[in-house]
Amino acid sequence: MKSFGFIDTGVIFVYFAVLMGMGWFFARRAKNTEQYFVAGRAYPGWLIGVSLFGAAISSITFVAYPADAFKTSYLRYVICLMLPVAVFIASRLILPFFRRGKITSVFEYLEKRFSPGARTYGATVFVLAQCIRLSMIQYLTALLIQKVTGWDPVWCILVGSAVTAYYTVAGGIEAVIWTDFVQSLILTLGGVLILGVIIAKLPGSLTQLVDVASEHGKFSISELGPDGALRPLPWGFALSHKTVLMLLIVGLVQWLADYTTNQEQVQKYCAAKSTKEARRAMWICCLFCVPTWGYFMFVGTGLFVFYQVFPDVRADEMLTGVRKAEEVLPYFVTTQLRTGLSGLVVAAVLAAAMSSMSSAMNSISAVVITDLYKRHWVKGRTDAHYMRAARWCTLFSALVMVGGAFWLLLSEQKTLQDLWTELQAIAAGGLLGLFFLGFFTTRGDGRSVAAGIVLALGFSVLMSLSGLGWLPQGMSEGIRSHFDGYYTGVIGHIIMFCAAYVIATAFPRRQRDLTNLTVWTQAVAVPGEEDPGTD
């Protein structure tokens, strides 16, 4: 295994220096919370779209997607295919609610529509889910850097976190948007480089890659059976096991939740200068993301074929589960790429990770300051006070990310793309059901929403305890035999929506003013913007 040379290290340090310089530059412009969180609401759609794309292509994409395709097939990519449907729905029906109110936090809508408690719940669930995601992204990043460079994993986590925290804390959302743009270019170049090397080294080039992969069923929609063989998924409806139809439903719900309840997304298209530009940003992100996710799955397929043609004991151990599948891309980079190219790939993975981490940290800060600190904890202070608090909050989120990444380093899990899908479902907390109750009905108040929250959380906690094996063995096995954990989020949203709607119908209260808060009570457009229903 070749060493990580001086040139490779230099590439990484140049990359770090550029990002820190951008953080320093934008720190001079972030003078108030409006600029820090939504950049004065003046950005063009193309730039916001590329920024959304950069944040979506995290180290989960760069490391976990290839690992998943290397070990299994394209099962998880089925979820990605529903993004265009979700963007169409969100851009036409959901976006106007957030643009019309000129909000900073997506959860401000919940207070206007239901109650302060609903807003607090939404903000809390979002922060917890983002902390889980941040930890996983940082862990995967540290894994690759450690495997490629040989550096101590502690330093791999700390250095990347420190640089990301600096430019995010200093520059706010403007630094996030522009560094996302730069990082999108770098991560794309890194991904192209890896596949190019694989194809160049295969004797039969791309044709051999496709033929060998097809022979082994790697392009199928299959999952690993108990015997380690790939088994094609059925197509129909089921709750006890994965099917193609159910994965499509999971994908639609997941992406609708992402574009409706995820502050990281909503905050950026609220930074666009008009509804039309925000809608353009959503579609640009979508048109970049779907093929990119497929591309990185194909990189994993290429890695499988490469190690079929050039057998390797360590790669075989990653395929059989002796080693973690996420090690395959770092191992390939370490053993097959020339000096200088390894540094570029590490910079690409860092770019993928840091674009996601910076967006998440800034959005966590926006939610904590807007929905919790300013709304409930410390009221009536100057904007300068809230700016200082926002920066401290961003820094604290970085510390949480570091702690979570250290915990994952010590854990033993199946492929992390699979783990992330289940964690995301459990952490969803029924939020999409809550927002849909607000958007598409005129029923519901704080009381009915509270009941829906209790039931949705109870269901999610039950599924979580079952998955962790913390329930009696017979109970856990009974739940898992009748219900696949992938569907936890979908059912949680349904429980939230139905429970709150039924209770609000059975025990009605005096109606609040719902003007412009539901699809049935829309009255006016945003001054200076086009009508929400037009292009």
# chains A, B, ... in the order shown; residues from 1 in each chain; ligands from 1
>>> residues_around(residues="segment 167-170 of chain A", least_positions_apart="5", cutoff="10 Å", atoms="only C-alpha atoms", output="ChimeraX atom specification")
/A:19-30,36,162,175-176,179,354-355,357-362,365,388,390-395,398
>>> residues_around(residues="Gly446 of chain A", least_positions_apart="6", cutoff="12 Å", atoms="only C-alpha atoms", output="NGL selection string")
:A and (110-121 or 434 or 438 or 452-453 or 500-501 or 503-504 or 508-512)
>>> closest_atom_pairs(of="segment 329-441 of chain A", to="segment 186-195 of chain A", cutoff="12 Å", atoms="only C-alpha atoms", output="tab-separated table")
residue	atom	partner	partner_atom	distance
A:Leu329	CA	A:Ile194	CA	8.9
A:Pro330	CA	A:Ile194	CA	10.7
A:Tyr331	CA	A:Ile194	CA	11.9
A:Phe332	CA	A:Ile194	CA	8.8
A:Val333	CA	A:Ile194	CA	7.7
A:Thr334	CA	A:Ile194	CA	11.4
A:Gln336	CA	A:Ile194	CA	9.5
A:Leu337	CA	A:Ile194	CA	8.4
A:Arg338	CA	A:Ile194	CA	11.3
A:Gly340	CA	A:Leu193	CA	11.9
A:Leu341	CA	A:Leu193	CA	8.2
A:Ser342	CA	A:Gly190	CA	9.4
A:Gly343	CA	A:Gly190	CA	9.7
A:Leu344	CA	A:Gly190	CA	6.5
A:Val345	CA	A:Gly190	CA	4.9
A:Val346	CA	A:Gly190	CA	8.1
A:Ala347	CA	A:Ile186	CA	7.3
A:Ala348	CA	A:Leu187	CA	4.0
A:Val349	CA	A:Leu187	CA	6.3
A:Leu350	CA	A:Leu187	CA	8.1
A:Ala351	CA	A:Leu187	CA	5.8
A:Ala352	CA	A:Leu187	CA	5.7
A:Ala353	CA	A:Leu187	CA	9.3
A:Met354	CA	A:Leu187	CA	10.5
A:Ser355	CA	A:Leu187	CA	9.9
A:Ser356	CA	A:Leu187	CA	11.9
>>> closest_atom_pairs(of="segment 70-171 of chain A", to="segment 268-290 of chain A", cutoff="12 Å", atoms="only C-alpha atoms", output="CSV")
residue,atom,partner,partner_atom,distance
A:Tyr77,CA,A:Val290,CA,9.0
A:Val78,CA,A:Val290,CA,10.4
A:Ile79,CA,A:Val290,CA,10.1
A:Cys80,CA,A:Val290,CA,6.3
A:Leu81,CA,A:Val290,CA,6.7
A:Met82,CA,A:Val290,CA,9.0
A:Leu83,CA,A:Cys286,CA,6.7
A:Pro84,CA,A:Cys286,CA,6.3
A:Val85,CA,A:Cys286,CA,9.9
A:Ala86,CA,A:Cys286,CA,9.6
A:Val87,CA,A:Met282,CA,6.7
A:Phe88,CA,A:Trp283,CA,8.3
A:Ile89,CA,A:Arg279,CA,11.0
A:Ala90,CA,A:Met282,CA,9.0
A:Ser91,CA,A:Arg279,CA,5.7
A:Arg92,CA,A:Arg279,CA,8.2
A:Leu93,CA,A:Arg279,CA,11.0
A:Ile94,CA,A:Arg279,CA,10.6
A:Leu95,CA,A:Thr275,CA,7.7
A:Pro96,CA,A:Thr275,CA,7.2
A:Phe97,CA,A:Thr275,CA,10.3
A:Phe98,CA,A:Cys270,CA,7.2
A:Arg99,CA,A:Cys270,CA,6.2
A:Arg100,CA,A:Thr275,CA,8.8
A:Gly101,CA,A:Cys270,CA,9.9
A:Lys102,CA,A:Cys270,CA,7.3
A:Ile103,CA,A:Cys270,CA,7.4
A:Thr104,CA,A:Cys270,CA,7.5
A:Ser105,CA,A:Cys270,CA,9.3
A:Val106,CA,A:Cys270,CA,9.5
>>> closest_residue(among="A:Ala42, A:Ile145, A:Ala384, A:Val328", to="Val299 of chain A", atoms="only C-alpha atoms")
A:Val328
>>> residues_around(residues="Thr243 of chain A", least_positions_apart="6", cutoff="10 Å", atoms="only C-alpha atoms", output="number ranges by chain")
A: 75, 221-222, 232-237, 249
>>> write_last_selection(atoms="N, CA and C atoms", output="PDB file, in the first residue's frame")
ATOM      1  N   LEU A  75     -30.943  -1.431  -4.975  1.00  0.00           N
ATOM      2  CA  LEU A  75     -32.185  -1.352  -4.212  1.00  0.00           C
ATOM      3  C   LEU A  75     -32.416   0.052  -3.656  1.00  0.00           C
ATOM      4  N   ILE A 221     -32.705  -4.882  -8.747  1.00  0.00           N
ATOM      5  CA  ILE A 221     -33.261  -4.316  -7.519  1.00  0.00           C
ATOM      6  C   ILE A 221     -33.429  -5.483  -6.554  1.00  0.00           C
ATOM      7  N   SER A 222     -32.374  -5.754  -5.811  1.00  0.00           N
ATOM      8  CA  SER A 222     -32.306  -6.947  -4.969  1.00  0.00           C
ATOM      9  C   SER A 222     -31.731  -6.589  -3.613  1.00  0.00           C
ATOM     10  N   PRO A 232     -34.030 -10.849  -5.814  1.00  0.00           N
ATOM     11  CA  PRO A 232     -34.825  -9.749  -6.392  1.00  0.00           C
ATOM     12  C   PRO A 232     -36.024  -9.401  -5.521  1.00  0.00           C
ATOM     13  N   LEU A 233     -36.342  -8.109  -5.447  1.00  0.00           N
ATOM     14  CA  LEU A 233     -37.494  -7.665  -4.660  1.00  0.00           C
ATOM     15  C   LEU A 233     -38.794  -7.889  -5.434  1.00  0.00           C
ATOM     16  N   PRO A 234     -39.853  -8.301  -4.746  1.00  0.00           N
ATOM     17  CA  PRO A 234     -41.174  -8.336  -5.395  1.00  0.00           C
ATOM     18  C   PRO A 234     -41.675  -6.916  -5.618  1.00  0.00           C
ATOM     19  N   TRP A 235     -42.772  -6.781  -6.362  1.00  0.00           N
ATOM     20  CA  TRP A 235     -43.258  -5.464  -6.755  1.00  0.00           C
ATOM     21  C   TRP A 235     -44.433  -4.966  -5.929  1.00  0.00           C
ATOM     22  N   GLY A 236     -45.154  -5.810  -5.250  1.00  0.00           N
ATOM     23  CA  GLY A 236     -46.435  -5.435  -4.670  1.00  0.00           C
ATOM     24  C   GLY A 236     -46.363  -4.694  -3.352  1.00  0.00           C
ATOM     25  N   PHE A 237     -47.549  -4.561  -2.752  1.00  0.00           N
ATOM     26  CA  PHE A 237     -47.679  -3.851  -1.464  1.00  0.00           C
ATOM     27  C   PHE A 237     -47.384  -4.811  -0.319  1.00  0.00           C
ATOM     28  N   ILE A 249     -42.797   4.434  -2.443  1.00  0.00           N
ATOM     29  CA  ILE A 249     -43.587   5.215  -1.484  1.00  0.00           C
ATOM     30  C   ILE A 249     -42.668   5.838  -0.436  1.00  0.00           C
TER      31      ILE A 249
END
>>> atom_distance(atom1="atom CA of Ala200 of chain A", atom2="atom CA of Pro66 of chain A")
18.2 Å
>>> residues_around(residues="Glu327 of chain A", least_positions_apart="2", cutoff="12 Å", atoms="only C-alpha atoms", output="VMD selection string")
chain A and resid 62 to 68 70 to 71 139 to 148 300 303 314 to 319 321 to 325 329 to 334 415 to 416
>>> atom_distance(atom1="atom CA of Thr260 of chain A", atom2="atom CA of Thr61 of chain A")
21.5 Å
